[in-house]
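For reference, the structure discussed in these notes is given below.
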Amino acid sequence: MNEKMVEAMAFCFKKIAQDEANRGLLVQQKGLRLLSELYNLAADIMDKHGGPDSKKGMWREDCAVALARVAITTNPALYPTGSMYSMVRPLIWLFNDASHELHQFEAGLGLTNIASTDTQVRDYLVMNGAWSACINLLASENQQIQRVGIECMANLVVCEKSFERLKKSEQDIKLFLLFAKSDDLKCQMAASGGLAMMSQDPDIAKEVVRLGGKKVLEEIKANASTAAASSPDPSHQAVLARVNVALQYIQECA
């Protein structure tokens, strides 16, 4: 199989995965394995040559985008054994090297879905750079990119490796506190949910308090209570519930 054929295959897979109805078929027909192998082949060639090649870079990106699109809507429990782990490298690569913000966004959605599975998968994601890649997304000027970054981090919080990191990095906790005050309700929900989950750990809860998190959460609670009383949007109630859980854990550690 020559490189032109591989490039054409990668492009076709990306187009096929654009239709949600095709994504389950890709999983059933071992498409994830083939896409991962094509991605790795392109990555190895680029690494060997010491720099990006435009054609191989696009072939690499097409494979990664196809994998991201499958990951967005497919239940990870349905993936063939090992496929989920082989998807991680391409999705994280898109966070930093995608040619278009849409592809970053799709990778973020896909990784967020994968991170919703179990603690073993989340530990694997954090150890392989997912947490740091999400932090990079938070620096984007695109609010949707920021949102998917904090949503993915919120899903990653509950695992041993994330807790280890949070205990060592006050900056990461500050990011959650910052986005909990966001004007974007979905960012608020994700960040306040992340704070609630990390505050289960007494040491992290004490650090949240030390960084002024209790005051921040109380302010968010007051604002969410007012908004929930005057707006039918259930997002305000969702934020309020998450903040109340965080404050409860913090109070227990006081």
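Identifiers for the structure tokens are assigned positionally: chains receive A, B, ... in sequence, residues are indexed from 1 per chain, and ligands are indexed from 1 in the order shown.
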Those of range 28-203 of chain A in DSSP alpha helix (DSSP H), formatted as a PDB file with C-alpha atoms, in the first residue's frame:
```pdb
ATOM      1  CA  GLN A  28     -17.858  -2.941  14.986  1.00  0.00           C
ATOM      2  CA  GLY A  31     -12.005   0.696  12.251  1.00  0.00           C
ATOM      3  CA  LEU A  32     -10.556   2.053  15.499  1.00  0.00           C
ATOM      4  CA  ARG A  33      -7.606  -0.302  15.317  1.00  0.00           C
ATOM      5  CA  LEU A  34      -6.895   0.584  11.696  1.00  0.00           C
ATOM      6  CA  LEU A  35      -7.181   4.328  12.344  1.00  0.00           C
ATOM      7  CA  SER A  36      -4.826   4.070  15.320  1.00  0.00           C
ATOM      8  CA  GLU A  37      -2.297   2.122  13.264  1.00  0.00           C
ATOM      9  CA  LEU A  38      -2.455   4.659  10.410  1.00  0.00           C
ATOM     10  CA  TYR A  39      -2.046   7.505  12.885  1.00  0.00           C
ATOM     11  CA  ASN A  40       0.970   5.840  14.496  1.00  0.00           C
ATOM     12  CA  LEU A  41       2.519   5.197  11.097  1.00  0.00           C
ATOM     13  CA  ALA A  42       2.242   8.871  10.155  1.00  0.00           C
ATOM     14  CA  ALA A  43       3.545   9.937  13.568  1.00  0.00           C
ATOM     15  CA  ASP A  44       6.541   7.604  13.323  1.00  0.00           C
ATOM     16  CA  ILE A  45       7.415   8.871   9.834  1.00  0.00           C
ATOM     17  CA  MET A  46       7.204  12.502  10.963  1.00  0.00           C
ATOM     18  CA  ASP A  47       9.329  11.798  14.044  1.00  0.00           C
ATOM     19  CA  LYS A  48      11.899   9.922  11.981  1.00  0.00           C
ATOM     20  CA  SER A  54       2.341  18.631   5.249  1.00  0.00           C
ATOM     21  CA  LYS A  55       0.838  15.534   3.640  1.00  0.00           C
ATOM     22  CA  LYS A  56       1.689  13.181   6.452  1.00  0.00           C
ATOM     23  CA  GLY A  57       0.589  15.827   8.949  1.00  0.00           C
ATOM     24  CA  MET A  58      -2.826  15.991   7.278  1.00  0.00           C
ATOM     25  CA  TRP A  59      -3.021  12.203   7.066  1.00  0.00           C
ATOM     26  CA  ARG A  60      -2.167  12.053  10.765  1.00  0.00           C
ATOM     27  CA  GLU A  61      -4.779  14.677  11.576  1.00  0.00           C
ATOM     28  CA  ASP A  62      -7.490  13.011   9.480  1.00  0.00           C
ATOM     29  CA  CYS A  63      -7.025   9.769  11.435  1.00  0.00           C
ATOM     30  CA  ALA A  64      -7.079  11.589  14.777  1.00  0.00           C
ATOM     31  CA  VAL A  65     -10.212  13.546  13.845  1.00  0.00           C
ATOM     32  CA  ALA A  66     -12.008  10.367  12.795  1.00  0.00           C
ATOM     33  CA  LEU A  67     -11.130   8.798  16.158  1.00  0.00           C
ATOM     34  CA  ALA A  68     -12.304  11.920  18.000  1.00  0.00           C
ATOM     35  CA  ARG A  69     -15.651  11.876  16.212  1.00  0.00           C
ATOM     36  CA  VAL A  70     -16.201   8.240  17.123  1.00  0.00           C
ATOM     37  CA  ALA A  71     -15.268   8.973  20.745  1.00  0.00           C
ATOM     38  CA  ILE A  72     -17.763  11.829  21.030  1.00  0.00           C
ATOM     39  CA  THR A  73     -20.910   9.752  20.620  1.00  0.00           C
ATOM     40  CA  SER A  83      -8.909   0.381  21.525  1.00  0.00           C
ATOM     41  CA  MET A  84      -9.739   3.059  24.085  1.00  0.00           C
ATOM     42  CA  TYR A  85      -6.130   3.331  25.203  1.00  0.00           C
ATOM     43  CA  SER A  86      -4.842   3.509  21.629  1.00  0.00           C
ATOM     44  CA  MET A  87      -7.117   6.511  20.989  1.00  0.00           C
ATOM     45  CA  VAL A  88      -5.609   8.630  23.741  1.00  0.00           C
ATOM     46  CA  ARG A  89      -2.396   9.635  21.956  1.00  0.00           C
ATOM     47  CA  PRO A  90      -4.155  10.919  18.795  1.00  0.00           C
ATOM     48  CA  LEU A  91      -6.740  12.911  20.747  1.00  0.00           C
ATOM     49  CA  ILE A  92      -4.153  14.588  22.971  1.00  0.00           C
ATOM     50  CA  TRP A  93      -2.069  15.364  19.878  1.00  0.00           C
ATOM     51  CA  LEU A  94      -5.063  17.209  18.398  1.00  0.00           C
ATOM     52  CA  PHE A  95      -5.280  19.407  21.505  1.00  0.00           C
ATOM     53  CA  ASN A  96      -1.920  20.929  20.670  1.00  0.00           C
ATOM     54  CA  ASP A  97      -1.413  20.453  16.933  1.00  0.00           C
ATOM     55  CA  GLU A 101     -10.140  24.823  16.415  1.00  0.00           C
ATOM     56  CA  LEU A 102     -13.056  22.577  15.469  1.00  0.00           C
ATOM     57  CA  HIS A 103     -10.746  19.583  15.590  1.00  0.00           C
ATOM     58  CA  GLN A 104      -9.464  20.651  19.023  1.00  0.00           C
ATOM     59  CA  PHE A 105     -13.066  20.921  20.171  1.00  0.00           C
ATOM     60  CA  GLU A 106     -13.958  17.491  18.804  1.00  0.00           C
ATOM     61  CA  ALA A 107     -10.911  15.948  20.496  1.00  0.00           C
ATOM     62  CA  GLY A 108     -11.936  17.574  23.770  1.00  0.00           C
ATOM     63  CA  LEU A 109     -15.457  16.184  23.553  1.00  0.00           C
ATOM     64  CA  GLY A 110     -14.131  12.730  22.716  1.00  0.00           C
ATOM     65  CA  LEU A 111     -11.634  12.680  25.562  1.00  0.00           C
ATOM     66  CA  THR A 112     -14.289  13.966  27.970  1.00  0.00           C
ATOM     67  CA  ASN A 113     -16.459  10.987  27.067  1.00  0.00           C
ATOM     68  CA  ILE A 114     -13.576   8.544  27.519  1.00  0.00           C
ATOM     69  CA  THR A 119     -10.685   5.543  37.603  1.00  0.00           C
ATOM     70  CA  GLN A 120      -8.263   3.187  35.850  1.00  0.00           C
ATOM     71  CA  VAL A 121      -8.866   4.927  32.526  1.00  0.00           C
ATOM     72  CA  ARG A 122      -8.642   8.357  34.149  1.00  0.00           C
ATOM     73  CA  ASP A 123      -5.312   7.461  35.765  1.00  0.00           C
ATOM     74  CA  TYR A 124      -4.049   6.360  32.353  1.00  0.00           C
ATOM     75  CA  LEU A 125      -5.211   9.608  30.756  1.00  0.00           C
ATOM     76  CA  VAL A 126      -3.537  11.777  33.389  1.00  0.00           C
ATOM     77  CA  MET A 127      -0.289   9.793  33.208  1.00  0.00           C
ATOM     78  CA  ALA A 130      -4.417  14.570  29.238  1.00  0.00           C
ATOM     79  CA  TRP A 131      -4.510  16.875  32.268  1.00  0.00           C
ATOM     80  CA  SER A 132      -1.730  19.131  30.978  1.00  0.00           C
ATOM     81  CA  ALA A 133      -3.283  19.165  27.509  1.00  0.00           C
ATOM     82  CA  CYS A 134      -6.598  20.296  28.987  1.00  0.00           C
ATOM     83  CA  ILE A 135      -4.868  23.150  30.797  1.00  0.00           C
ATOM     84  CA  ASN A 136      -3.522  24.297  27.433  1.00  0.00           C
ATOM     85  CA  LEU A 137      -7.096  24.425  26.115  1.00  0.00           C
ATOM     86  CA  LEU A 138      -8.073  26.758  28.949  1.00  0.00           C
ATOM     87  CA  GLN A 143     -14.987  29.977  24.948  1.00  0.00           C
ATOM     88  CA  GLN A 144     -16.157  26.627  23.583  1.00  0.00           C
ATOM     89  CA  ILE A 145     -12.584  25.344  23.645  1.00  0.00           C
ATOM     90  CA  GLN A 146     -12.173  26.589  27.214  1.00  0.00           C
ATOM     91  CA  ARG A 147     -15.444  24.924  28.185  1.00  0.00           C
ATOM     92  CA  VAL A 148     -14.497  21.517  26.810  1.00  0.00           C
ATOM     93  CA  GLY A 149     -11.132  21.812  28.556  1.00  0.00           C
ATOM     94  CA  ILE A 150     -12.639  22.393  32.002  1.00  0.00           C
ATOM     95  CA  GLU A 151     -15.325  19.749  31.382  1.00  0.00           C
ATOM     96  CA  CYS A 152     -12.670  17.184  30.566  1.00  0.00           C
ATOM     97  CA  MET A 153     -10.649  18.141  33.651  1.00  0.00           C
ATOM     98  CA  ALA A 154     -13.775  17.797  35.795  1.00  0.00           C
ATOM     99  CA  ASN A 155     -14.222  14.248  34.496  1.00  0.00           C
ATOM    100  CA  LEU A 156     -10.565  13.492  35.179  1.00  0.00           C
ATOM    101  CA  GLU A 160      -5.477   8.793  42.234  1.00  0.00           C
ATOM    102  CA  LYS A 161      -3.175  10.535  39.748  1.00  0.00           C
ATOM    103  CA  SER A 162      -5.334  13.669  39.617  1.00  0.00           C
ATOM    104  CA  PHE A 163      -5.507  13.868  43.404  1.00  0.00           C
ATOM    105  CA  GLU A 164      -1.731  13.511  43.573  1.00  0.00           C
ATOM    106  CA  ARG A 165      -1.356  16.371  41.138  1.00  0.00           C
ATOM    107  CA  LEU A 166      -3.887  18.612  42.880  1.00  0.00           C
ATOM    108  CA  LYS A 167      -2.084  18.166  46.201  1.00  0.00           C
ATOM    109  CA  LYS A 168       1.111  19.458  44.588  1.00  0.00           C
ATOM    110  CA  GLU A 170      -2.285  25.075  43.808  1.00  0.00           C
ATOM    111  CA  GLN A 171      -2.440  26.572  40.316  1.00  0.00           C
ATOM    112  CA  ASP A 172      -4.672  23.734  39.160  1.00  0.00           C
ATOM    113  CA  ILE A 173      -7.101  24.353  42.025  1.00  0.00           C
ATOM    114  CA  LYS A 174      -7.055  28.071  41.223  1.00  0.00           C
ATOM    115  CA  LEU A 175      -8.100  27.256  37.651  1.00  0.00           C
ATOM    116  CA  PHE A 176     -11.187  25.450  38.918  1.00  0.00           C
ATOM    117  CA  LEU A 177     -12.023  28.373  41.213  1.00  0.00           C
ATOM    118  CA  LEU A 178     -11.569  30.800  38.325  1.00  0.00           C
ATOM    119  CA  PHE A 179     -13.853  28.892  35.956  1.00  0.00           C
ATOM    120  CA  ALA A 180     -16.421  28.336  38.701  1.00  0.00           C
ATOM    121  CA  LEU A 185     -23.067  28.338  32.949  1.00  0.00           C
ATOM    122  CA  LYS A 186     -21.603  25.150  31.498  1.00  0.00           C
ATOM    123  CA  CYS A 187     -18.136  26.205  32.628  1.00  0.00           C
ATOM    124  CA  GLN A 188     -19.590  26.954  36.060  1.00  0.00           C
ATOM    125  CA  MET A 189     -21.200  23.518  36.254  1.00  0.00           C
ATOM    126  CA  ALA A 190     -18.024  21.712  35.226  1.00  0.00           C
ATOM    127  CA  ALA A 191     -15.711  23.687  37.503  1.00  0.00           C
ATOM    128  CA  SER A 192     -18.006  23.569  40.534  1.00  0.00           C
ATOM    129  CA  GLY A 193     -18.475  19.832  39.955  1.00  0.00           C
ATOM    130  CA  GLY A 194     -14.712  19.405  39.837  1.00  0.00           C
ATOM    131  CA  LEU A 195     -14.344  21.326  43.093  1.00  0.00           C
ATOM    132  CA  ALA A 196     -17.019  19.164  44.733  1.00  0.00           C
ATOM    133  CA  MET A 197     -15.266  15.964  43.700  1.00  0.00           C
ATOM    134  CA  MET A 198     -11.747  17.045  44.654  1.00  0.00           C
ATOM    135  CA  PRO A 202      -9.444  16.304  53.193  1.00  0.00           C
ATOM    136  CA  ASP A 203      -6.009  17.609  52.186  1.00  0.00           C
TER     137      ASP A 203
END
```
I'd like the interatomic distance between CA of Thr117 in chain A and CA of Ala77 in chain A, to a tenth of an Å. 7.8 Å
Show me a table, sorted first by chain and then by increasing residue number, of the residues of range 155-183 of chain A having an atom at most 12 Å from range 222-235 of chain A, each with its shortest atom pair and the distance in Å to one decimal, counting only C-alpha atoms and written as JSON lines.
```
{"residue": "A:Ala180", "atom": "CA", "partner": "A:Ala224", "partner_atom": "CA", "distance": 11.2}
{"residue": "A:Lys181", "atom": "CA", "partner": "A:Asn223", "partner_atom": "CA", "distance": 10.0}
{"residue": "A:Ser182", "atom": "CA", "partner": "A:Asn223", "partner_atom": "CA", "distance": 11.9}
{"residue": "A:Asp183", "atom": "CA", "partner": "A:Asn223", "partner_atom": "CA", "distance": 11.2}
```
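CA of Ala115 in chain A is found 24.2 Å from CA of Ile16 in chain A.
When only C-alpha atoms are used to compute distances to Val208 in chain A, the closest of the residues A:Cys253, A:Val6, A:Gln237, A:Asp184 turns out to be A:Cys253.
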Considering only C-alpha atoms, return as a VMD selection string whatever protein or nucleic-acid residues lie within 9 Å of Asn244 in chain A, sequence-local ones (same chain, fewer than 4 positions apart) excluded. chain A and resid 196 217 to 218 221 239 to 240 248 to 249
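Using only C-alpha atoms, the smallest distance between any of A:Tyr79, A:Lys206, A:Ala10, A:Met5 and Leu25 in chain A comes from A:Tyr79.
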